[in-house]
file work-v8.txt (compact mmCIF, C-alpha atoms (C1' of nucleotides))
# COMPACT_ATOMS: atom_id res chain seq x y z
CA MET S 1 -2.67 30.60 21.24
CA LYS S 2 -3.97 28.92 18.05
CA LYS S 3 -4.23 25.20 17.72
CA SER S 4 -1.90 23.65 15.19
CA PRO S 5 -3.43 22.74 11.80
CA LEU S 6 -2.96 19.07 12.60
CA LYS S 7 -4.85 19.25 15.85
CA ARG S 8 -7.66 21.12 14.16
CA ILE S 9 -7.87 18.56 11.37
CA TYR S 10 -7.93 15.80 13.95
CA ALA S 11 -10.70 17.51 15.87
CA VAL S 12 -12.82 17.97 12.74
CA LEU S 13 -12.36 14.36 11.68
CA PHE S 14 -13.07 12.94 15.09
CA LYS S 15 -16.18 15.03 15.51
CA ARG S 16 -17.42 13.94 12.11
CA PHE S 17 -16.59 10.23 12.17
CA GLY S 18 -15.96 9.30 15.81
CA GLN S 19 -13.81 6.40 17.00
CA GLN S 20 -12.72 4.03 14.25
CA HIS S 21 -11.68 1.06 16.40
CA TRP S 22 -8.61 0.24 14.36
CA TRP S 23 -6.85 -2.00 13.31
CA PRO S 24 -9.57 -4.49 12.31
CA GLY S 25 -8.01 -7.73 13.56
CA ASP S 26 -8.10 -10.04 16.54
CA SER S 27 -4.38 -10.37 17.26
CA PRO S 28 -1.05 -8.69 16.57
CA PHE S 29 -0.24 -11.50 14.18
CA GLU S 30 -3.44 -11.06 12.22
CA ILE S 31 -2.73 -7.34 12.03
CA ALA S 32 0.78 -7.93 10.73
CA VAL S 33 -0.54 -10.31 8.06
CA GLY S 34 -3.23 -7.82 7.13
CA ALA S 35 -0.63 -5.07 6.78
CA ILE S 36 1.11 -7.04 4.04
CA LEU S 37 -2.08 -8.18 2.34
CA THR S 38 -3.54 -4.68 2.14
CA GLN S 39 -0.67 -3.25 0.10
CA ASN S 40 -2.34 -1.29 -2.70
CA THR S 41 -5.49 -3.33 -2.13
CA ASN S 42 -9.05 -2.69 -1.01
CA TRP S 43 -9.63 -3.89 2.55
CA GLN S 44 -12.73 -5.81 1.52
CA ASN S 45 -10.59 -8.13 -0.57
CA VAL S 46 -8.09 -8.48 2.26
CA SER S 47 -10.77 -9.51 4.74
CA ARG S 48 -11.81 -12.28 2.37
CA ALA S 49 -8.25 -13.55 2.28
CA ILE S 50 -7.98 -13.40 6.06
CA ALA S 51 -11.28 -15.24 6.40
CA ASN S 52 -9.87 -17.98 4.18
CA LEU S 53 -6.77 -18.26 6.37
CA LYS S 54 -8.91 -18.48 9.49
CA LYS S 55 -11.22 -21.05 7.99
CA ALA S 56 -8.22 -23.17 7.02
CA ARG S 57 -6.88 -22.67 10.57
CA VAL S 58 -3.51 -21.44 9.37
CA LEU S 59 -3.59 -17.89 10.66
CA GLN S 60 -0.78 -18.71 13.08
CA PRO S 61 2.94 -18.07 12.55
CA GLU S 62 4.17 -21.63 12.54
CA ARG S 63 1.32 -23.12 10.54
CA LEU S 64 1.48 -20.42 7.92
CA LEU S 65 5.20 -20.94 7.49
CA ARG S 66 4.69 -24.69 7.18
CA LEU S 67 1.96 -24.34 4.58
CA SER S 68 3.18 -24.71 1.01
CA PRO S 69 3.47 -21.45 -0.93
CA ALA S 70 0.95 -22.79 -3.46
CA ARG S 71 -1.61 -23.39 -0.70
CA THR S 72 -1.02 -20.02 0.86
CA ALA S 73 -1.39 -18.34 -2.51
CA GLY S 74 -4.68 -20.13 -3.07
CA LEU S 75 -6.04 -18.92 0.26
CA ILE S 76 -4.98 -15.29 -0.10
CA ARG S 77 -6.03 -15.12 -3.74
CA PRO S 78 -8.83 -12.58 -3.19
CA SER S 79 -6.36 -10.01 -1.88
CA GLY S 80 -4.65 -9.76 -5.26
CA TYR S 81 -0.92 -10.00 -6.09
CA PHE S 82 -1.24 -13.37 -4.40
CA ARG S 83 2.06 -14.91 -5.53
CA LEU S 84 3.97 -11.79 -4.60
CA LYS S 85 2.23 -11.47 -1.26
CA THR S 86 2.85 -15.13 -0.48
CA LYS S 87 6.58 -14.47 -0.80
CA ARG S 88 6.33 -11.31 1.29
CA LEU S 89 4.38 -13.08 4.00
CA ARG S 90 6.93 -15.87 4.07
CA ASN S 91 9.81 -13.41 4.28
CA PHE S 92 8.18 -11.92 7.36
CA LEU S 93 7.35 -15.34 8.81
CA SER S 94 10.95 -16.49 8.38
CA VAL S 95 12.21 -13.62 10.51
CA LEU S 96 9.48 -14.21 13.08
CA SER S 97 10.52 -17.86 13.25
CA ALA S 98 14.29 -17.52 13.13
CA ARG S 99 14.63 -14.57 15.49
CA TYR S 100 11.54 -14.70 17.71
CA GLY S 101 10.55 -18.35 17.92
CA ASN S 102 7.30 -17.67 16.02
CA ASP S 103 6.16 -15.48 18.91
CA PRO S 104 4.81 -12.02 17.99
CA ALA S 105 4.89 -11.08 21.70
CA ARG S 106 8.66 -11.44 21.66
CA MET S 107 8.94 -9.29 18.57
CA LYS S 108 6.79 -6.71 20.32
CA LYS S 109 9.36 -6.40 23.12
CA VAL S 110 11.97 -5.04 20.71
CA PRO S 111 12.35 -1.25 20.97
CA LEU S 112 11.03 0.85 18.12
CA ALA S 113 14.48 2.10 17.15
CA ALA S 114 15.64 -1.46 16.52
CA LEU S 115 12.43 -3.07 15.28
CA ARG S 116 11.65 -0.56 12.53
CA PRO S 117 14.96 -1.11 10.69
CA GLU S 118 14.57 -4.85 11.09
CA LEU S 119 11.12 -4.84 9.52
CA LEU S 120 12.30 -2.55 6.73
CA SER S 121 15.12 -4.97 5.97
CA ILE S 122 12.58 -7.66 5.03
CA ASN S 123 11.97 -7.79 1.30
CA GLY S 124 8.38 -6.75 0.67
CA ILE S 125 8.01 -4.62 3.79
CA GLY S 126 8.33 -0.92 3.03
CA PRO S 127 7.74 2.10 5.26
CA GLU S 128 3.94 2.03 5.35
CA THR S 129 3.70 -1.70 5.99
CA ALA S 130 6.41 -1.53 8.67
CA ASP S 131 4.80 1.43 10.39
CA SER S 132 1.34 -0.16 10.26
CA MET S 133 2.74 -3.21 12.02
CA LEU S 134 4.65 -1.08 14.51
CA LEU S 135 1.68 1.09 15.43
CA TYR S 136 -1.23 -1.30 15.21
CA ALA S 137 0.31 -4.66 16.08
CA PHE S 138 3.18 -3.65 18.35
CA ASP S 139 1.89 -0.44 19.96
CA LYS S 140 4.84 1.71 18.94
CA PRO S 141 4.33 5.49 18.57
CA VAL S 142 4.96 5.90 14.83
CA PHE S 143 2.70 7.80 12.46
CA VAL S 144 1.53 5.80 9.44
CA VAL S 145 1.61 7.71 6.16
CA ASP S 146 -0.45 6.54 3.20
CA ALA S 147 -1.73 7.83 -0.12
CA TYR S 148 -4.70 9.54 1.54
CA THR S 149 -2.45 11.31 4.03
CA ARG S 150 -0.28 12.67 1.25
CA ARG S 151 -3.28 13.81 -0.78
CA ILE S 152 -4.99 15.56 2.09
CA LEU S 153 -1.89 17.38 3.35
CA SER S 154 -0.82 18.39 -0.09
CA ARG S 155 -4.26 19.71 -1.04
CA HIS S 156 -4.31 21.75 2.12
CA ARG S 157 -0.87 23.00 1.23
CA LEU S 158 0.63 21.83 4.44
CA ILE S 159 3.37 19.95 2.57
CA PRO S 160 4.88 20.33 -0.90
CA GLU S 161 3.96 17.82 -3.60
CA SER S 162 7.50 16.53 -3.50
CA ALA S 163 7.47 15.60 0.19
CA SER S 164 8.84 12.13 0.88
CA TYR S 165 7.35 9.52 3.20
CA ALA S 166 9.87 10.53 5.85
CA ASP S 167 9.06 14.22 5.40
CA ILE S 168 5.34 13.63 5.91
CA GLN S 169 5.89 11.36 8.87
CA ALA S 170 8.17 13.95 10.46
CA PHE S 171 5.54 16.63 9.89
CA PHE S 172 3.06 14.67 11.98
CA MET S 173 5.48 13.50 14.61
CA LYS S 174 6.89 16.97 15.20
CA GLY S 175 3.42 18.47 15.44
CA LEU S 176 1.87 15.94 17.79
CA CYS S 177 2.69 14.24 21.07
CA PRO S 178 4.04 10.73 20.44
CA ASN S 179 0.92 8.96 21.63
CA VAL S 180 -0.06 5.53 20.32
CA ARG S 181 -3.78 6.11 20.77
CA LEU S 182 -3.67 9.47 18.99
CA PHE S 183 -1.62 8.13 16.06
CA ASN S 184 -3.90 5.12 15.83
CA GLU S 185 -7.06 7.17 15.67
CA PHE S 186 -5.65 9.92 13.46
CA HIS S 187 -4.50 7.59 10.70
CA ALA S 188 -7.72 5.59 10.87
CA LEU S 189 -9.74 8.79 10.52
CA ILE S 190 -7.68 9.87 7.52
CA VAL S 191 -8.39 6.56 5.81
CA ARG S 192 -12.06 6.87 6.70
CA LEU S 193 -12.20 10.30 5.11
CA GLY S 194 -10.36 9.00 2.09
CA LYS S 195 -12.65 6.03 1.62
CA GLU S 196 -15.72 8.16 1.88
CA TYR S 197 -14.72 11.21 -0.13
CA CYS S 198 -11.46 10.78 -1.99
CA LEU S 199 -12.49 8.02 -4.36
CA LYS S 200 -11.43 8.46 -7.96
CA ASN S 201 -8.80 10.93 -6.87
CA ASN S 202 -11.21 13.79 -7.30
CA PRO S 203 -9.41 17.01 -6.35
CA ARG S 204 -12.71 18.54 -5.30
CA CYS S 205 -13.60 15.59 -3.12
CA GLY S 206 -14.99 15.90 0.33
CA LEU S 207 -12.34 17.95 1.93
CA CYS S 208 -15.18 20.37 2.49
CA PRO S 209 -15.30 19.65 6.19
CA LEU S 210 -11.68 20.74 6.31
CA LYS S 211 -11.88 23.60 3.85
CA ASN S 212 -11.24 26.26 6.41
CA GLU S 213 -8.29 24.46 7.85
CA LYS S 214 -5.71 25.84 5.51
C1' DC K 1 -15.50 -1.08 -21.15
C1' DA K 2 -12.15 1.68 -17.85
C1' DC K 3 -10.54 2.79 -13.42
C1' DC K 4 -9.44 2.13 -8.66
C1' DA K 5 -7.72 0.13 -4.04
C1' DG K 6 -4.86 1.48 3.34
C1' DG K 7 2.68 -0.49 -1.70
C1' DC K 8 6.91 -2.29 -2.88
C1' DA K 9 10.96 -3.64 -5.42
C1' DA K 10 13.49 -4.02 -9.55
C1' DG K 11 14.88 -2.11 -13.73
C1' DT K 12 16.31 1.86 -16.59
C1' DA K 13 18.63 6.28 -17.71
C1' DT T 1 18.38 10.54 -8.09
C1' DA T 2 14.04 10.16 -10.60
C1' DC T 3 10.98 7.89 -13.30
C1' DT T 4 8.71 3.37 -15.09
C1' DT T 5 6.84 -1.22 -14.73
C1' DG T 6 5.00 -5.70 -12.79
C1' DC T 7 2.21 -7.61 -9.56
C1' DA T 8 -3.89 -9.37 -9.61
C1' DT T 9 -8.36 -9.52 -7.48
C1' DG T 10 -13.08 -7.71 -6.96
C1' DG T 11 -16.09 -3.44 -6.82
C1' DT T 12 -18.05 0.64 -9.20

call {"tool": "encode", "arguments": {"input": "work-v8.txt", "output": "C-alpha cells"}}
result
Amino acid sequence: MKKSPLKRIYAVLFKRFGQQHWWPGDSPFEIAVGAILTQNTNWQNVSRAIANLKKARVLQPERLLRLSPARTAGLIRPSGYFRLKTKRLRNFLSVLSARYGNDPARMKKVPLAALRPELLSINGIGPETADSMLLYAFDKPVFVVDAYTRRILSRHRLIPESASYADIQAFFMKGLCPNVRLFNEFHALIVRLGKEYCLKNNPRCGLCPLKNEK
DNA sequence: CACCAGGCAAGTA
DNA sequence: TACTTGCATGGT
C-alpha cells in the first residue's frame, strides 16, 4: 500500500528541515496577536512589533484594549498596515473582553465548531488568521492554508489553480488524521520551505526535494 | 529603482 | 460570482 502524497511530502520536509517549534510566541495571547500582525507581512517585522508591545508591557488583553489606538499603532508600526491592524486587534480584543473576560484560557475552552465561526465573524479575521489562532493558540485540529501551501500543491498538481481556501483545507484534513501536532508541524514546514526556496514566486524554486512526489 | 512578505475587506461590474 | 484596490513597513 502506497503512502498518500501528503504523507510523503511531510516525510520529505521533516527529514530535510526537522522540528520547527512553532508558533514562535510565549503565550496563546501573543500567538493570537501575532496571527493578526503577520497578515501579508514578513515575520521579522512582526517580531519587532511584538517586541515593542512587550517592552511597553501592554502585551496583555486588558492593557492592550485600554491603550489608545494611536499608541497601539505607534508600537506595531514595524509590522506594516499599522492603522488597519490596530483596528483588527481591537476588534479581536473587544470580543475577548466582552465574551471571555479578557481570558484567552476561557476562549480556548470553546469547541472548534463554535469558536471558528466566532473568530471569522470578527472584522479583520479571515480564514487563515482564524485557523492560525485555532491551531497554534487554542490547540484545535484545523489545517492552516497559506500562500505557500497553495503554490506547492498547485505546482505538484495535487489541486487545481482554482481551488478555494476551503478546498485546500479539506484536501489536507481528508488525507491526514486530525492531529494537532501533525498539523502544527506540517504547516510550519511548508512555510519553512517557502521562506527558503519560494521567494520571488519563482516557479522553478526549490521544490526539487519534492520533485518526485507528483 | 522595483518587488516581496505566514491577508482581509470593501468596492465594482 | 469574480476581479480590483487599499492598507505600509523593512529587507533584498

call {"tool": "closest_residue", "arguments": {"input": "work-v8.txt", "among": "S:Tyr100, S:Leu112, S:Gln39, S:Pro160", "to": "S:Glu128", "atoms": "only C-alpha atoms"}}
result
S:Gln39

call {"tool": "closest_residue", "arguments": {"input": "work-v8.txt", "among": "S:Leu135, S:Ala147, S:Ala163, S:Val95", "to": "S:Asn179", "atoms": "only C-alpha atoms"}}
result
S:Leu135

call {"tool": "interface_residues", "arguments": {"input": "work-v8.txt", "of": "chain T", "to": "chain S", "cutoff": "10 Å", "atoms": "all atoms listed in the file", "output": "ChimeraX atom specification"}}
result
/T:6-11

call {"tool": "atom_distance", "arguments": {"input": "work-v8.txt", "atom1": "atom CA of S:Glu30", "atom2": "atom CA of S:Asp131"}}
result
15.1 Å

call {"tool": "interface_residues", "arguments": {"input": "work-v8.txt", "of": "chain S", "to": "chain K", "cutoff": "12 Å", "atoms": "all atoms listed in the file", "output": "PyMOL selection string"}}
result
chain S and resi 22-24+34-46+79-81+84-85+88+120+122-132+144-149+187-195+198-202

call {"tool": "atom_distance", "arguments": {"input": "work-v8.txt", "atom1": "atom CA of S:Arg71", "atom2": "atom CA of S:Arg90"}}
result
12.3 Å

call {"tool": "closest_residue", "arguments": {"input": "work-v8.txt", "among": "S:Glu185, S:Tyr197, S:Val33, S:Pro117", "to": "S:Arg151", "atoms": "only C-alpha atoms"}}
result
S:Tyr197

call {"tool": "atom_distance", "arguments": {"input": "work-v8.txt", "atom1": "atom CA of S:Lys15", "atom2": "atom CA of S:Asp139"}}
result
24.2 Å

call {"tool": "axis_aligned_box", "arguments": {"input": "work-v8.txt", "around": "chain K", "padding_each_side": "4 Å", "output": "AutoDock Vina command-line options"}}
result
--center_x 1.6 --center_y 1.1 --center_z -8.9 --size_x 42.1 --size_y 18.3 --size_z 32.5

call {"tool": "decode", "arguments": {"input": "work-v8.txt", "residues": "stretch 125-168 of chain S", "atoms": "N, CA and C atoms", "output": "short mmCIF file (atom, residue, chain, number, x, y, z; two decimals), in the first residue's frame"}}
result
data_model
loop_
_atom_site.label_atom_id
_atom_site.label_comp_id
_atom_site.auth_asym_id
_atom_site.auth_seq_id
_atom_site.Cartn_x
_atom_site.Cartn_y
_atom_site.Cartn_z
N ILE S 125 -10.50 39.31 10.73
CA ILE S 125 -10.04 37.93 10.91
C ILE S 125 -10.66 37.07 9.83
N GLY S 126 -9.85 36.64 8.89
CA GLY S 126 -10.28 35.76 7.81
C GLY S 126 -9.88 34.33 8.12
N PRO S 127 -10.03 33.44 7.14
CA PRO S 127 -9.80 32.02 7.39
C PRO S 127 -8.38 31.69 7.86
N GLU S 128 -7.36 32.27 7.27
CA GLU S 128 -6.01 31.90 7.69
C GLU S 128 -5.69 32.40 9.09
N THR S 129 -6.09 33.63 9.38
CA THR S 129 -5.84 34.17 10.71
C THR S 129 -6.61 33.38 11.76
N ALA S 130 -7.87 33.08 11.48
CA ALA S 130 -8.68 32.30 12.42
C ALA S 130 -8.06 30.93 12.65
N ASP S 131 -7.69 30.26 11.58
CA ASP S 131 -7.14 28.91 11.72
C ASP S 131 -5.78 28.92 12.41
N SER S 132 -4.98 29.95 12.17
CA SER S 132 -3.70 30.06 12.88
C SER S 132 -3.93 30.18 14.38
N MET S 133 -4.90 31.00 14.76
CA MET S 133 -5.22 31.12 16.18
C MET S 133 -5.73 29.79 16.72
N LEU S 134 -6.63 29.17 15.97
CA LEU S 134 -7.24 27.92 16.44
C LEU S 134 -6.20 26.83 16.65
N LEU S 135 -5.31 26.68 15.68
CA LEU S 135 -4.31 25.62 15.76
C LEU S 135 -3.20 25.94 16.76
N TYR S 136 -2.64 27.14 16.63
CA TYR S 136 -1.41 27.43 17.38
C TYR S 136 -1.64 28.05 18.75
N ALA S 137 -2.76 28.73 18.92
CA ALA S 137 -3.03 29.32 20.24
C ALA S 137 -4.00 28.46 21.04
N PHE S 138 -4.96 27.82 20.33
CA PHE S 138 -6.01 27.13 21.06
C PHE S 138 -6.00 25.61 20.87
N ASP S 139 -4.97 25.09 20.23
CA ASP S 139 -4.78 23.64 20.10
C ASP S 139 -5.95 22.90 19.46
N LYS S 140 -6.56 23.53 18.46
CA LYS S 140 -7.65 22.86 17.75
C LYS S 140 -7.11 22.23 16.47
N PRO S 141 -7.60 21.04 16.11
CA PRO S 141 -7.08 20.34 14.92
C PRO S 141 -7.64 20.89 13.60
N VAL S 142 -7.16 22.07 13.20
CA VAL S 142 -7.51 22.62 11.88
C VAL S 142 -6.22 22.81 11.10
N PHE S 143 -6.29 22.60 9.78
CA PHE S 143 -5.10 22.79 8.97
C PHE S 143 -5.06 24.22 8.46
N VAL S 144 -3.93 24.88 8.62
CA VAL S 144 -3.79 26.27 8.19
C VAL S 144 -3.30 26.29 6.74
N VAL S 145 -4.02 27.01 5.91
CA VAL S 145 -3.66 27.13 4.49
C VAL S 145 -3.11 28.53 4.25
N ASP S 146 -1.98 28.62 3.59
CA ASP S 146 -1.46 29.94 3.24
C ASP S 146 -0.99 29.94 1.80
N ALA S 147 -0.40 31.07 1.40
CA ALA S 147 0.02 31.23 0.00
C ALA S 147 1.01 30.15 -0.41
N TYR S 148 1.93 29.80 0.49
CA TYR S 148 2.91 28.76 0.18
C TYR S 148 2.22 27.42 -0.07
N THR S 149 1.26 27.11 0.79
CA THR S 149 0.54 25.84 0.67
C THR S 149 -0.12 25.72 -0.70
N ARG S 150 -0.78 26.80 -1.08
CA ARG S 150 -1.46 26.81 -2.38
C ARG S 150 -0.47 26.61 -3.52
N ARG S 151 0.64 27.35 -3.45
CA ARG S 151 1.65 27.28 -4.50
C ARG S 151 2.22 25.87 -4.64
N ILE S 152 2.58 25.30 -3.51
CA ILE S 152 3.23 23.99 -3.53
C ILE S 152 2.27 22.92 -4.06
N LEU S 153 1.04 22.90 -3.56
CA LEU S 153 0.08 21.89 -4.00
C LEU S 153 -0.27 22.06 -5.47
N SER S 154 -0.40 23.31 -5.87
CA SER S 154 -0.79 23.54 -7.25
C SER S 154 0.34 23.18 -8.21
N ARG S 155 1.58 23.47 -7.82
CA ARG S 155 2.70 23.12 -8.68
C ARG S 155 2.92 21.62 -8.76
N HIS S 156 2.50 20.93 -7.74
CA HIS S 156 2.60 19.47 -7.77
C HIS S 156 1.34 18.84 -8.33
N ARG S 157 0.47 19.70 -8.80
CA ARG S 157 -0.77 19.27 -9.44
C ARG S 157 -1.62 18.38 -8.55
N LEU S 158 -1.60 18.72 -7.30
CA LEU S 158 -2.46 17.98 -6.38
C LEU S 158 -3.80 18.68 -6.23
N ILE S 159 -3.85 19.95 -6.58
CA ILE S 159 -5.10 20.71 -6.57
C ILE S 159 -5.14 21.59 -7.82
N PRO S 160 -6.33 21.92 -8.30
CA PRO S 160 -6.42 22.85 -9.43
C PRO S 160 -6.09 24.27 -8.98
N GLU S 161 -5.68 25.10 -9.93
CA GLU S 161 -5.38 26.50 -9.63
C GLU S 161 -6.54 27.20 -8.94
N SER S 162 -7.74 26.77 -9.30
CA SER S 162 -8.93 27.48 -8.84
C SER S 162 -9.39 27.06 -7.45
N ALA S 163 -8.67 26.14 -6.82
CA ALA S 163 -9.11 25.64 -5.52
C ALA S 163 -9.24 26.77 -4.50
N SER S 164 -10.31 26.72 -3.74
CA SER S 164 -10.55 27.74 -2.71
C SER S 164 -9.81 27.36 -1.43
N TYR S 165 -9.80 28.30 -0.47
CA TYR S 165 -9.21 28.01 0.84
C TYR S 165 -9.83 26.75 1.42
N ALA S 166 -11.17 26.69 1.38
CA ALA S 166 -11.87 25.53 1.96
C ALA S 166 -11.52 24.24 1.23
N ASP S 167 -11.38 24.31 -0.09
CA ASP S 167 -11.00 23.13 -0.86
C ASP S 167 -9.65 22.59 -0.39
N ILE S 168 -8.67 23.51 -0.27
CA ILE S 168 -7.31 23.10 0.09
C ILE S 168 -7.28 22.55 1.51
#
